[in-house]
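Data file: protein-v4.pdb. Format and content: PDB, C-alpha atoms.
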```
ATOM      1  CA  MET A 204      22.943  98.960 -83.659
ATOM      2  CA  THR A 205      26.089 100.828 -82.823
ATOM      3  CA  GLN A 206      27.490  97.755 -81.069
ATOM      4  CA  ALA A 207      27.452  95.711 -84.254
ATOM      5  CA  GLN A 208      29.607  98.370 -85.910
ATOM      6  CA  ALA A 209      32.004  98.757 -82.981
ATOM      7  CA  THR A 210      35.673  98.631 -83.928
ATOM      8  CA  PRO A 211      37.101  95.177 -83.177
ATOM      9  CA  LEU A 212      39.127  95.180 -79.961
ATOM     10  CA  ILE A 213      41.562  92.530 -81.116
ATOM     11  CA  THR A 214      44.408  93.777 -83.270
ATOM     12  CA  ASP A 215      46.796  91.814 -85.508
ATOM     13  CA  GLU A 216      49.605  92.550 -83.029
ATOM     14  CA  MET A 217      47.559  90.914 -80.287
ATOM     15  CA  ARG A 218      46.821  87.855 -82.441
ATOM     16  CA  ALA A 219      50.534  87.488 -83.118
ATOM     17  CA  GLU A 220      51.047  86.833 -79.378
ATOM     18  CA  ILE A 221      48.911  83.678 -79.427
ATOM     19  CA  GLY A 222      50.959  80.566 -78.743
ATOM     20  CA  LYS A 223      54.186  82.353 -77.724
ATOM     21  CA  GLU A 224      55.646  80.494 -74.766
ATOM     22  CA  SER A 225      56.650  82.541 -71.709
ATOM     23  CA  GLN A 226      59.935  82.210 -69.865
ATOM     24  CA  PRO A 227      59.589  79.323 -67.403
ATOM     25  CA  TRP A 228      59.252  79.895 -63.661
ATOM     26  CA  THR A 229      59.666  77.620 -60.660
ATOM     27  CA  CYS A 230      56.933  76.593 -58.229
ATOM     28  CA  GLU A 231      57.991  74.846 -55.045
ATOM     29  CA  VAL A 232      55.678  72.327 -53.417
ATOM     30  CA  ASP A 233      56.269  72.441 -49.689
ATOM     31  CA  LYS A 234      54.679  70.637 -46.747
ATOM     32  CA  THR A 235      54.170  73.848 -44.807
ATOM     33  CA  ALA A 236      52.650  75.662 -47.791
ATOM     34  CA  ILE A 237      50.305  72.732 -48.490
ATOM     35  CA  ARG A 238      49.134  72.722 -44.876
ATOM     36  CA  MET A 239      48.537  76.462 -44.976
ATOM     37  CA  PHE A 240      46.562  76.142 -48.229
ATOM     38  CA  ALA A 241      44.518  73.187 -46.946
ATOM     39  CA  ARG A 242      43.829  74.964 -43.671
ATOM     40  CA  SER A 243      42.635  78.101 -45.463
ATOM     41  CA  VAL A 244      40.176  76.084 -47.578
ATOM     42  CA  GLY A 245      38.987  74.117 -44.552
ATOM     43  CA  HIS A 246      40.083  70.661 -45.702
ATOM     44  CA  THR A 247      39.581  68.004 -43.051
ATOM     45  CA  ASP A 248      41.234  65.016 -44.763
ATOM     46  CA  PRO A 249      44.435  64.265 -42.786
ATOM     47  CA  ILE A 250      46.352  63.477 -46.018
ATOM     48  CA  TYR A 251      46.862  67.240 -46.465
ATOM     49  CA  TYR A 252      48.456  67.633 -43.037
ATOM     50  CA  ASP A 253      50.047  64.352 -42.001
ATOM     51  CA  GLU A 254      52.718  62.552 -43.986
ATOM     52  CA  ALA A 255      51.894  59.131 -42.537
ATOM     53  CA  ALA A 256      48.205  59.536 -43.452
ATOM     54  CA  ALA A 257      49.180  60.589 -46.983
ATOM     55  CA  LYS A 258      51.430  57.561 -47.428
ATOM     56  CA  ALA A 259      48.775  55.240 -46.022
ATOM     57  CA  ALA A 260      46.405  56.624 -48.667
ATOM     58  CA  GLY A 261      48.875  55.780 -51.432
ATOM     59  CA  TYR A 262      50.662  59.085 -51.971
ATOM     60  CA  ARG A 263      54.453  59.568 -52.076
ATOM     61  CA  GLY A 264      54.084  62.396 -49.581
ATOM     62  CA  ILE A 265      51.597  65.104 -48.611
ATOM     63  CA  PRO A 266      49.668  65.769 -51.858
ATOM     64  CA  CYS A 267      48.580  69.111 -53.276
ATOM     65  CA  PRO A 268      44.929  69.828 -52.484
ATOM     66  CA  PRO A 269      42.828  70.657 -55.562
ATOM     67  CA  GLY A 270      43.636  74.179 -56.729
ATOM     68  CA  TYR A 271      47.186  74.233 -55.379
ATOM     69  CA  LEU A 272      50.042  73.838 -57.862
ATOM     70  CA  GLY A 273      52.966  74.950 -55.737
ATOM     71  CA  THR A 274      54.118  78.422 -54.802
ATOM     72  CA  PRO A 275      56.070  80.514 -57.296
ATOM     73  CA  VAL A 276      59.480  81.258 -55.792
ATOM     74  CA  PHE A 277      59.309  84.848 -54.592
ATOM     75  CA  HIS A 278      61.994  87.383 -55.342
ATOM     76  CA  PRO A 279      61.370  91.052 -54.548
ATOM     77  CA  ALA A 280      63.123  92.222 -57.708
ATOM     78  CA  THR A 281      61.051  90.153 -60.101
ATOM     79  CA  SER A 282      57.857  89.042 -58.334
ATOM     80  CA  ASP A 283      54.540  90.823 -58.102
ATOM     81  CA  SER A 284      54.106  92.125 -54.550
ATOM     82  CA  THR A 285      50.328  91.542 -54.549
ATOM     83  CA  PHE A 286      49.960  88.223 -56.334
ATOM     84  CA  GLY A 287      53.385  86.687 -55.756
ATOM     85  CA  GLY A 288      53.854  85.490 -59.345
ATOM     86  CA  ARG A 289      56.505  86.811 -61.648
ATOM     87  CA  ARG A 290      55.876  90.341 -62.825
ATOM     88  CA  GLY A 291      54.968  90.512 -66.478
ATOM     89  CA  ALA A 292      57.516  91.660 -69.013
ATOM     90  CA  GLY A 293      55.183  94.569 -69.832
ATOM     91  CA  PRO A 294      51.608  95.033 -70.906
ATOM     92  CA  GLY A 295      52.173  93.637 -74.416
ATOM     93  CA  PRO A 296      50.084  94.671 -77.422
ATOM     94  CA  GLN A 297      46.943  96.509 -76.356
ATOM     95  CA  PRO A 298      43.393  96.408 -77.745
ATOM     96  CA  SER A 299      42.156  99.055 -80.173
ATOM     97  CA  ARG A 300      40.732 101.077 -77.277
ATOM     98  CA  PRO A 301      41.801 101.073 -73.618
ATOM     99  CA  LEU A 302      39.994  98.583 -71.355
ATOM    100  CA  THR A 303      40.275  99.436 -67.700
ATOM    101  CA  ARG A 304      38.317  96.746 -65.837
ATOM    102  CA  VAL A 305      39.348  93.159 -65.320
ATOM    103  CA  LEU A 306      37.369  90.098 -64.214
ATOM    104  CA  ASN A 307      38.616  86.619 -63.515
ATOM    105  CA  GLY A 308      36.394  84.528 -65.802
ATOM    106  CA  GLY A 309      37.259  81.064 -64.620
ATOM    107  CA  THR A 310      39.827  78.361 -63.995
ATOM    108  CA  GLU A 311      40.138  74.815 -65.328
ATOM    109  CA  MET A 312      42.775  72.327 -64.188
ATOM    110  CA  GLU A 313      43.834  68.996 -65.594
ATOM    111  CA  LEU A 314      45.646  66.978 -62.936
ATOM    112  CA  LEU A 315      47.642  64.317 -64.720
ATOM    113  CA  GLU A 316      49.887  62.974 -61.954
ATOM    114  CA  ASP A 317      50.080  63.234 -58.169
ATOM    115  CA  ILE A 318      51.960  66.334 -57.053
ATOM    116  CA  CYS A 319      53.393  65.938 -53.564
ATOM    117  CA  ALA A 320      55.458  67.887 -51.056
ATOM    118  CA  GLY A 321      59.073  67.970 -52.157
ATOM    119  CA  ASP A 322      58.261  68.258 -55.860
ATOM    120  CA  VAL A 323      59.601  71.218 -57.776
ATOM    121  CA  LEU A 324      57.520  72.284 -60.745
ATOM    122  CA  THR A 325      58.532  74.282 -63.776
ATOM    123  CA  ALA A 326      55.695  76.251 -65.292
ATOM    124  CA  SER A 327      55.377  78.168 -68.512
ATOM    125  CA  SER A 328      52.360  79.767 -70.057
ATOM    126  CA  HIS A 329      51.061  81.047 -73.328
ATOM    127  CA  LEU A 330      48.102  82.959 -74.627
ATOM    128  CA  ALA A 331      45.882  80.257 -76.120
ATOM    129  CA  GLU A 332      42.918  82.202 -77.419
ATOM    130  CA  LEU A 333      41.517  85.705 -77.847
ATOM    131  CA  GLU A 334      37.860  86.366 -78.358
ATOM    132  CA  GLU A 335      35.572  89.348 -78.189
ATOM    133  CA  ARG A 336      31.925  89.389 -77.262
ATOM    134  CA  THR A 337      29.284  91.910 -76.423
ATOM    135  CA  GLY A 338      27.411  91.197 -73.227
ATOM    136  CA  SER A 339      25.546  92.998 -70.490
ATOM    137  CA  ILE A 340      28.734  94.862 -69.556
ATOM    138  CA  GLY A 341      29.343  95.946 -73.156
ATOM    139  CA  GLN A 342      32.198  94.961 -75.442
ATOM    140  CA  MET A 343      34.442  92.406 -73.715
ATOM    141  CA  LEU A 344      37.826  90.967 -74.525
ATOM    142  CA  ILE A 345      38.174  87.368 -73.378
ATOM    143  CA  SER A 346      41.650  85.918 -73.223
ATOM    144  CA  THR A 347      42.520  82.345 -72.383
ATOM    145  CA  ASN A 348      45.919  81.512 -70.940
ATOM    146  CA  LYS A 349      47.295  78.012 -70.623
ATOM    147  CA  THR A 350      49.983  77.113 -68.115
ATOM    148  CA  VAL A 351      51.772  73.781 -68.292
ATOM    149  CA  TYR A 352      53.464  72.434 -65.147
ATOM    150  CA  LYS A 353      56.273  69.879 -65.364
ATOM    151  CA  ASN A 354      57.794  68.149 -62.375
ATOM    152  CA  GLN A 355      61.480  67.655 -61.559
ATOM    153  CA  HIS A 356      61.513  64.606 -63.884
ATOM    154  CA  GLY A 357      60.285  66.657 -66.835
ATOM    155  CA  LYS A 358      56.860  65.034 -66.788
ATOM    156  CA  VAL A 359      53.777  67.186 -67.427
ATOM    157  CA  VAL A 360      51.784  66.905 -64.191
ATOM    158  CA  ALA A 361      49.150  69.612 -64.579
ATOM    159  CA  ILE A 362      47.709  72.018 -67.103
ATOM    160  CA  SER A 363      45.736  75.004 -65.941
ATOM    161  CA  THR A 364      43.631  77.235 -68.137
ATOM    162  CA  GLY A 365      42.599  80.662 -66.946
ATOM    163  CA  THR A 366      40.093  82.981 -68.550
ATOM    164  CA  GLY A 367      40.425  86.722 -68.141
ATOM    165  CA  ILE A 368      37.783  89.252 -69.134
ATOM    166  CA  ARG A 369      38.597  92.901 -69.822
ATOM    167  CA  TYR A 370      35.994  95.523 -70.599
TER     168      TYR A 370
ATOM    169  CA  MET B 173      32.252  57.194 -46.173
ATOM    170  CA  ALA B 174      34.003  57.959 -49.398
ATOM    171  CA  ALA B 175      32.203  56.845 -52.544
ATOM    172  CA  THR B 176      33.392  53.797 -54.475
ATOM    173  CA  TRP B 177      32.909  53.042 -58.168
ATOM    174  CA  ASN B 178      29.957  50.776 -57.355
ATOM    175  CA  ASP B 179      28.234  53.594 -55.450
ATOM    176  CA  VAL B 180      28.281  55.920 -58.449
ATOM    177  CA  SER B 181      25.200  56.306 -60.593
ATOM    178  CA  GLU B 182      24.258  58.903 -63.167
ATOM    179  CA  GLY B 183      21.968  61.576 -61.775
ATOM    180  CA  MET B 184      23.023  61.071 -58.156
ATOM    181  CA  SER B 185      23.760  64.092 -56.011
ATOM    182  CA  ILE B 186      26.944  64.082 -53.991
ATOM    183  CA  PRO B 187      26.966  65.286 -50.365
ATOM    184  CA  GLU B 188      26.829  69.068 -50.066
ATOM    185  CA  LEU B 189      29.668  71.068 -48.581
ATOM    186  CA  LYS B 190      28.631  74.187 -46.697
ATOM    187  CA  LYS B 191      30.958  77.137 -46.383
ATOM    188  CA  ASN B 192      30.560  80.511 -44.777
ATOM    189  CA  CYS B 193      33.754  82.534 -44.959
ATOM    190  CA  SER B 194      34.780  84.692 -42.045
ATOM    191  CA  THR B 195      37.092  87.552 -42.928
ATOM    192  CA  GLN B 196      39.705  85.542 -41.011
ATOM    193  CA  GLN B 197      39.314  82.730 -43.538
ATOM    194  CA  LEU B 198      39.809  85.201 -46.406
ATOM    195  CA  VAL B 199      43.052  86.357 -44.789
ATOM    196  CA  GLN B 200      44.125  82.738 -44.327
ATOM    197  CA  TRP B 201      43.373  82.125 -48.004
ATOM    198  CA  ALA B 202      45.348  85.228 -48.993
ATOM    199  CA  ALA B 203      48.352  83.724 -47.216
ATOM    200  CA  GLY B 204      47.661  80.165 -48.394
ATOM    201  CA  SER B 205      47.239  81.106 -52.041
ATOM    202  CA  GLY B 206      49.641  84.057 -52.173
ATOM    203  CA  ASP B 207      46.903  86.392 -53.494
ATOM    204  CA  PHE B 208      47.019  89.547 -51.373
ATOM    205  CA  TYR B 209      44.640  91.667 -53.470
ATOM    206  CA  GLN B 210      43.074  94.067 -50.970
ATOM    207  CA  ILE B 211      39.448  93.723 -52.158
ATOM    208  CA  HIS B 212      39.328  90.521 -50.096
ATOM    209  CA  TYR B 213      40.340  91.901 -46.678
ATOM    210  CA  ASP B 214      40.429  95.725 -46.704
ATOM    211  CA  LYS B 215      36.835  96.968 -46.754
ATOM    212  CA  ASP B 216      37.747 100.614 -47.442
ATOM    213  CA  PHE B 217      39.877  99.529 -50.379
ATOM    214  CA  ALA B 218      37.134  97.228 -51.705
ATOM    215  CA  MET B 219      34.526  99.995 -51.513
ATOM    216  CA  SER B 220      36.880 102.476 -53.165
ATOM    217  CA  THR B 221      36.866 100.207 -56.241
ATOM    218  CA  GLY B 222      33.062 100.334 -56.380
ATOM    219  CA  LEU B 223      32.363  97.003 -54.679
ATOM    220  CA  PRO B 224      29.668  96.839 -52.000
ATOM    221  CA  GLY B 225      32.233  95.434 -49.557
ATOM    222  CA  LEU B 226      34.688  92.550 -49.261
ATOM    223  CA  ILE B 227      34.240  89.698 -51.715
ATOM    224  CA  VAL B 228      35.290  86.056 -51.549
ATOM    225  CA  HIS B 229      38.204  85.137 -53.839
ATOM    226  CA  GLY B 230      37.052  83.289 -56.962
ATOM    227  CA  ALA B 231      39.957  80.878 -56.589
ATOM    228  CA  LEU B 232      38.825  80.040 -53.051
ATOM    229  CA  LYS B 233      35.428  79.000 -54.402
ATOM    230  CA  ASN B 234      37.283  76.938 -56.993
ATOM    231  CA  ALA B 235      39.175  75.279 -54.134
ATOM    232  CA  PHE B 236      35.881  74.699 -52.252
ATOM    233  CA  LEU B 237      34.560  72.819 -55.295
ATOM    234  CA  GLY B 238      37.774  70.796 -55.265
ATOM    235  CA  GLN B 239      37.158  69.951 -51.612
ATOM    236  CA  LEU B 240      33.539  69.028 -52.399
ATOM    237  CA  VAL B 241      34.702  66.452 -54.941
ATOM    238  CA  HIS B 242      37.650  65.256 -52.862
ATOM    239  CA  ASP B 243      35.467  64.719 -49.804
ATOM    240  CA  TRP B 244      33.069  62.669 -51.935
ATOM    241  CA  VAL B 245      35.657  60.356 -53.507
ATOM    242  CA  GLY B 246      38.169  60.429 -50.648
ATOM    243  CA  ASN B 247      41.112  58.239 -51.471
ATOM    244  CA  ASN B 248      39.079  55.839 -53.629
ATOM    245  CA  GLY B 249      40.094  57.884 -56.639
ATOM    246  CA  ARG B 250      41.649  61.081 -57.867
ATOM    247  CA  ILE B 251      40.302  64.266 -59.340
ATOM    248  CA  LYS B 252      41.477  64.105 -62.943
ATOM    249  CA  ALA B 253      40.182  67.512 -64.017
ATOM    250  CA  TYR B 254      38.016  70.230 -62.602
ATOM    251  CA  GLY B 255      37.193  73.857 -63.075
ATOM    252  CA  CYS B 256      34.597  76.554 -62.806
ATOM    253  CA  SER B 257      33.488  79.928 -64.100
ATOM    254  CA  TYR B 258      33.126  82.942 -61.858
ATOM    255  CA  ARG B 259      29.642  84.233 -62.643
ATOM    256  CA  GLY B 260      28.640  85.990 -59.453
ATOM    257  CA  MET B 261      30.269  87.419 -56.373
ATOM    258  CA  ASP B 262      30.004  85.879 -52.927
ATOM    259  CA  TYR B 263      30.465  87.728 -49.680
ATOM    260  CA  PRO B 264      31.934  86.916 -46.267
ATOM    261  CA  THR B 265      29.541  85.669 -43.553
ATOM    262  CA  GLU B 266      27.066  84.492 -46.214
ATOM    263  CA  GLU B 267      26.485  80.835 -46.891
ATOM    264  CA  ILE B 268      28.164  79.289 -49.930
ATOM    265  CA  ILE B 269      26.711  75.843 -50.569
ATOM    266  CA  CYS B 270      28.797  73.592 -52.805
ATOM    267  CA  LYS B 271      26.837  70.954 -54.696
ATOM    268  CA  GLY B 272      27.420  68.344 -57.356
ATOM    269  CA  VAL B 273      25.584  65.849 -59.529
ATOM    270  CA  VAL B 274      27.027  62.885 -61.440
ATOM    271  CA  LYS B 275      26.275  63.425 -65.123
ATOM    272  CA  ARG B 276      28.072  60.476 -66.661
ATOM    273  CA  LYS B 277      29.667  57.221 -65.511
ATOM    274  CA  TYR B 278      31.894  55.470 -68.050
ATOM    275  CA  GLU B 279      35.084  53.541 -68.723
ATOM    276  CA  GLU B 280      37.640  54.873 -71.145
ATOM    277  CA  ASN B 281      41.197  53.680 -71.890
ATOM    278  CA  GLY B 282      40.950  51.343 -68.921
ATOM    279  CA  GLU B 283      39.979  54.144 -66.511
ATOM    280  CA  LYS B 284      36.801  54.225 -64.443
ATOM    281  CA  LEU B 285      35.525  57.767 -64.787
ATOM    282  CA  ALA B 286      32.686  59.945 -63.583
ATOM    283  CA  ASP B 287      31.874  63.400 -64.927
ATOM    284  CA  LEU B 288      30.142  65.758 -62.562
ATOM    285  CA  GLU B 289      28.463  69.094 -62.707
ATOM    286  CA  VAL B 290      29.481  71.103 -59.649
ATOM    287  CA  TRP B 291      28.569  74.570 -58.474
ATOM    288  CA  THR B 292      28.313  76.954 -55.562
ATOM    289  CA  GLU B 293      24.995  78.419 -54.560
ATOM    290  CA  ASN B 294      24.434  81.684 -52.682
ATOM    291  CA  PRO B 295      21.628  82.250 -50.112
ATOM    292  CA  LYS B 296      19.306  83.347 -52.960
ATOM    293  CA  GLY B 297      19.818  79.978 -54.653
ATOM    294  CA  GLN B 298      21.841  81.489 -57.504
ATOM    295  CA  LYS B 299      24.674  79.426 -58.991
ATOM    296  CA  THR B 300      27.559  81.855 -58.628
ATOM    297  CA  THR B 301      30.308  79.417 -59.586
ATOM    298  CA  PRO B 302      29.206  76.713 -62.053
ATOM    299  CA  GLY B 303      31.778  74.118 -63.022
ATOM    300  CA  THR B 304      32.582  70.536 -63.922
ATOM    301  CA  ALA B 305      34.805  67.794 -62.559
ATOM    302  CA  THR B 306      36.061  64.428 -63.739
ATOM    303  CA  VAL B 307      37.000  61.779 -61.185
ATOM    304  CA  ARG B 308      39.072  58.673 -61.887
ATOM    305  CA  PHE B 309      38.216  55.812 -59.536
ATOM    306  CA  ASN B 310      40.798  53.284 -58.368
TER     307      ASN B 310
END
```
Would you kindly transcribe this structure into structure tokens?
Amino acid sequence: MTQAQATPLITDEMRAEIGKESQPWTCEVDKTAIRMFARSVGHTDPIYYDEAAAKAAGYRGIPCPPGYLGTPVFHPATSDSTFGGRRGAGPGPQPSRPLTRVLNGGTEMELLEDICAGDVLTASSHLAELEERTGSIGQMLISTNKTVYKNQHGKVVAISTGTGIRY
Amino acid sequence: MAATWNDVSEGMSIPELKKNCSTQQLVQWAAGSGDFYQIHYDKDFAMSTGLPGLIVHGALKNAFLGQLVHDWVGNNGRIKAYGCSYRGMDYPTEEIICKGVVKRKYEENGEKLADLEVWTENPKGQKTTPGTATVRFN
């Protein structure tokens, strides 16, 4: 099989990136942004729209619906115009041959504390794992990124893990 | 009615959540999530990348699964962890049925917990977004 003899995609330079912490960035948690997120999902629970309902349900304020961890503060000079997050510092070390296609493999979130409107989160991420596999789409590079979110009191409130697939 | 700890049993299905995204909803999600990638609202752009047409954002399906679990537990608990894999594409104006089953009910470190298997199903019955969730009951 030629696939078994394929050159590994992952290089030593790429492995050296594992665990390096990114510069932190700020995510604001806003009432209006929460409502817009909840509305776009189709949430019907009033806690995502109405402060009094949220407080009656035991929250400090309007809580983040599942999947929402604040909005990265946008700045045209440093943010990505399509995705809104901070633009990367550059492509970083590349695999042994160019991979042009990208798939979002999945998302996992650990929600450790309530996150409510008015909170300001500080996020930073690192490459947690690199793996290569051969599947129906050929040789794939699977990278796992972990992002840790702390609130304004320095407490870790959420950890999200994203899997990216390049092939 | 939102489920309480006493209502939970292993093997039980939770109420389904049916979604069927209009292109308007995809635009709302683009604004709500901040993801303005054109494959989700510009058909010409989507087709120019080789897609058959517009596709539903993976992260929106992730949020649907979050709603599925939230609507089940209401404010009788909190989602402690959840996530999913994006295995298949879903398309606007096609049904996306969100489902879940309780796999495990247990107490750990003083917390009342339930682990669920959750997923979205397309009109062909394929699980396009399989995932898991853990709920902590009050």
With a distance cut-off of 9 Å and all atoms listed in the file, select the neighbouring residues of region 343-345 of chain A, excluding the residue or stretch itself and same-chain residues fewer than 4 positions from it, and output the selection as a PyMOL selection string.
chain A and resi 212-213+298+302+308+332-338+366-370
Please write the residues picked by the ChimeraX specification (/A :<10) & /B on this file as a ChimeraX atom specification.
/B:191,193,196-210,229-243,246-248,250-259,301-306
Go ahead and write the selection's residues with C-alpha atoms as a PDB file, in the frame of the given file.
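What follows is the written file out-v2.pdb:
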```
ATOM      1  CA  LYS B 191      30.958  77.137 -46.383  1.00  0.00           C
ATOM      2  CA  CYS B 193      33.754  82.534 -44.959  1.00  0.00           C
ATOM      3  CA  GLN B 196      39.705  85.542 -41.011  1.00  0.00           C
ATOM      4  CA  GLN B 197      39.314  82.730 -43.538  1.00  0.00           C
ATOM      5  CA  LEU B 198      39.809  85.201 -46.406  1.00  0.00           C
ATOM      6  CA  VAL B 199      43.052  86.357 -44.789  1.00  0.00           C
ATOM      7  CA  GLN B 200      44.125  82.738 -44.327  1.00  0.00           C
ATOM      8  CA  TRP B 201      43.373  82.125 -48.004  1.00  0.00           C
ATOM      9  CA  ALA B 202      45.348  85.228 -48.993  1.00  0.00           C
ATOM     10  CA  ALA B 203      48.352  83.724 -47.216  1.00  0.00           C
ATOM     11  CA  GLY B 204      47.661  80.165 -48.394  1.00  0.00           C
ATOM     12  CA  SER B 205      47.239  81.106 -52.041  1.00  0.00           C
ATOM     13  CA  GLY B 206      49.641  84.057 -52.173  1.00  0.00           C
ATOM     14  CA  ASP B 207      46.903  86.392 -53.494  1.00  0.00           C
ATOM     15  CA  PHE B 208      47.019  89.547 -51.373  1.00  0.00           C
ATOM     16  CA  TYR B 209      44.640  91.667 -53.470  1.00  0.00           C
ATOM     17  CA  GLN B 210      43.074  94.067 -50.970  1.00  0.00           C
ATOM     18  CA  HIS B 229      38.204  85.137 -53.839  1.00  0.00           C
ATOM     19  CA  GLY B 230      37.052  83.289 -56.962  1.00  0.00           C
ATOM     20  CA  ALA B 231      39.957  80.878 -56.589  1.00  0.00           C
ATOM     21  CA  LEU B 232      38.825  80.040 -53.051  1.00  0.00           C
ATOM     22  CA  LYS B 233      35.428  79.000 -54.402  1.00  0.00           C
ATOM     23  CA  ASN B 234      37.283  76.938 -56.993  1.00  0.00           C
ATOM     24  CA  ALA B 235      39.175  75.279 -54.134  1.00  0.00           C
ATOM     25  CA  PHE B 236      35.881  74.699 -52.252  1.00  0.00           C
ATOM     26  CA  LEU B 237      34.560  72.819 -55.295  1.00  0.00           C
ATOM     27  CA  GLY B 238      37.774  70.796 -55.265  1.00  0.00           C
ATOM     28  CA  GLN B 239      37.158  69.951 -51.612  1.00  0.00           C
ATOM     29  CA  LEU B 240      33.539  69.028 -52.399  1.00  0.00           C
ATOM     30  CA  VAL B 241      34.702  66.452 -54.941  1.00  0.00           C
ATOM     31  CA  HIS B 242      37.650  65.256 -52.862  1.00  0.00           C
ATOM     32  CA  ASP B 243      35.467  64.719 -49.804  1.00  0.00           C
ATOM     33  CA  GLY B 246      38.169  60.429 -50.648  1.00  0.00           C
ATOM     34  CA  ASN B 247      41.112  58.239 -51.471  1.00  0.00           C
ATOM     35  CA  ASN B 248      39.079  55.839 -53.629  1.00  0.00           C
ATOM     36  CA  ARG B 250      41.649  61.081 -57.867  1.00  0.00           C
ATOM     37  CA  ILE B 251      40.302  64.266 -59.340  1.00  0.00           C
ATOM     38  CA  LYS B 252      41.477  64.105 -62.943  1.00  0.00           C
ATOM     39  CA  ALA B 253      40.182  67.512 -64.017  1.00  0.00           C
ATOM     40  CA  TYR B 254      38.016  70.230 -62.602  1.00  0.00           C
ATOM     41  CA  GLY B 255      37.193  73.857 -63.075  1.00  0.00           C
ATOM     42  CA  CYS B 256      34.597  76.554 -62.806  1.00  0.00           C
ATOM     43  CA  SER B 257      33.488  79.928 -64.100  1.00  0.00           C
ATOM     44  CA  TYR B 258      33.126  82.942 -61.858  1.00  0.00           C
ATOM     45  CA  ARG B 259      29.642  84.233 -62.643  1.00  0.00           C
ATOM     46  CA  THR B 301      30.308  79.417 -59.586  1.00  0.00           C
ATOM     47  CA  PRO B 302      29.206  76.713 -62.053  1.00  0.00           C
ATOM     48  CA  GLY B 303      31.778  74.118 -63.022  1.00  0.00           C
ATOM     49  CA  THR B 304      32.582  70.536 -63.922  1.00  0.00           C
ATOM     50  CA  ALA B 305      34.805  67.794 -62.559  1.00  0.00           C
ATOM     51  CA  THR B 306      36.061  64.428 -63.739  1.00  0.00           C
TER      52      THR B 306
END
```
CA of His329 (chain A) and CA of Gly222 (chain A), how far apart in Å?
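Rounded to one decimal, the two atoms are 5.4 Å apart.
Closest approach to Val290 (chain B) among B:Leu223, B:Lys271, B:Ala175, B:Val307 is made by B:Lys271 (distances from all atoms listed in the file).
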If you count all atoms listed in the file, which residues fall within 8 Å of Glu293 (chain B), apart from same-chain ones fewer than 4 positions away, as a list of chain:residue names?
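In the requested format, the answer is B:Ile268, B:Ile269, B:Cys270, B:Lys271, B:Gly297, B:Gln298, B:Lys299, B:Thr300, B:Thr301.
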Since we have the selection now, will you write its residues out, keeping C-alpha atoms, as a PDB file, in the frame of the given file?
```pdb
ATOM      1  CA  ILE B 268      28.164  79.289 -49.930  1.00  0.00           C
ATOM      2  CA  ILE B 269      26.711  75.843 -50.569  1.00  0.00           C
ATOM      3  CA  CYS B 270      28.797  73.592 -52.805  1.00  0.00           C
ATOM      4  CA  LYS B 271      26.837  70.954 -54.696  1.00  0.00           C
ATOM      5  CA  GLY B 297      19.818  79.978 -54.653  1.00  0.00           C
ATOM      6  CA  GLN B 298      21.841  81.489 -57.504  1.00  0.00           C
ATOM      7  CA  LYS B 299      24.674  79.426 -58.991  1.00  0.00           C
ATOM      8  CA  THR B 300      27.559  81.855 -58.628  1.00  0.00           C
ATOM      9  CA  THR B 301      30.308  79.417 -59.586  1.00  0.00           C
TER      10      THR B 301
END
```
Which is closest to Ile265 (chain A) among A:Arg289, A:Ala320, A:Arg218, A:Val305, if we use all atoms listed in the file?
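Closest to Ile265 (chain A) of all the choices is A:Ala320.
The interatomic distance for the pair CA of Thr350 (chain A) and CA of Asn310 (chain B) works out to 27.3 Å.
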Quick check, in Å to one decimal: how far apart do CA of Leu285 (chain B) and CA of Pro249 (chain A) lie?
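Interatomic distance here is 24.6 Å.
Proximity ranking of A:His278, A:Lys234, A:Arg300, A:Lys223 relative to Asn348 (chain A) places A:Lys223 first, based on all atoms listed in the file.
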Between A:Lys353, A:Thr303, A:Ser339, A:Ser327, which is the closest to Pro227 (chain A) once you count only C-alpha atoms?
A:Ser327
Just add N, CA and C atoms to region 327-334 of chain A and send it as a short mmCIF file (atom, residue, chain, number, x, y, z; two decimals), in the frame of the given file.
```cif
data_model
loop_
_atom_site.label_atom_id
_atom_site.label_comp_id
_atom_site.auth_asym_id
_atom_site.auth_seq_id
_atom_site.Cartn_x
_atom_site.Cartn_y
_atom_site.Cartn_z
N SER A 327 55.30 77.11 -67.50
CA SER A 327 55.38 78.17 -68.51
C SER A 327 54.00 78.31 -69.13
N SER A 328 53.73 79.51 -69.60
CA SER A 328 52.36 79.77 -70.06
C SER A 328 52.37 80.41 -71.43
N HIS A 329 51.23 80.33 -72.06
CA HIS A 329 51.06 81.05 -73.33
C HIS A 329 49.61 81.48 -73.48
N LEU A 330 49.44 82.51 -74.27
CA LEU A 330 48.10 82.96 -74.63
C LEU A 330 47.56 81.94 -75.62
N ALA A 331 46.42 81.32 -75.27
CA ALA A 331 45.88 80.26 -76.12
C ALA A 331 44.81 80.76 -77.07
N GLU A 332 44.07 81.78 -76.63
CA GLU A 332 42.92 82.20 -77.42
C GLU A 332 42.53 83.63 -77.07
N LEU A 333 42.08 84.37 -78.06
CA LEU A 333 41.52 85.70 -77.85
C LEU A 333 40.15 85.74 -78.51
N GLU A 334 39.22 86.35 -77.82
CA GLU A 334 37.86 86.37 -78.36
C GLU A 334 37.24 87.68 -77.92
#
```
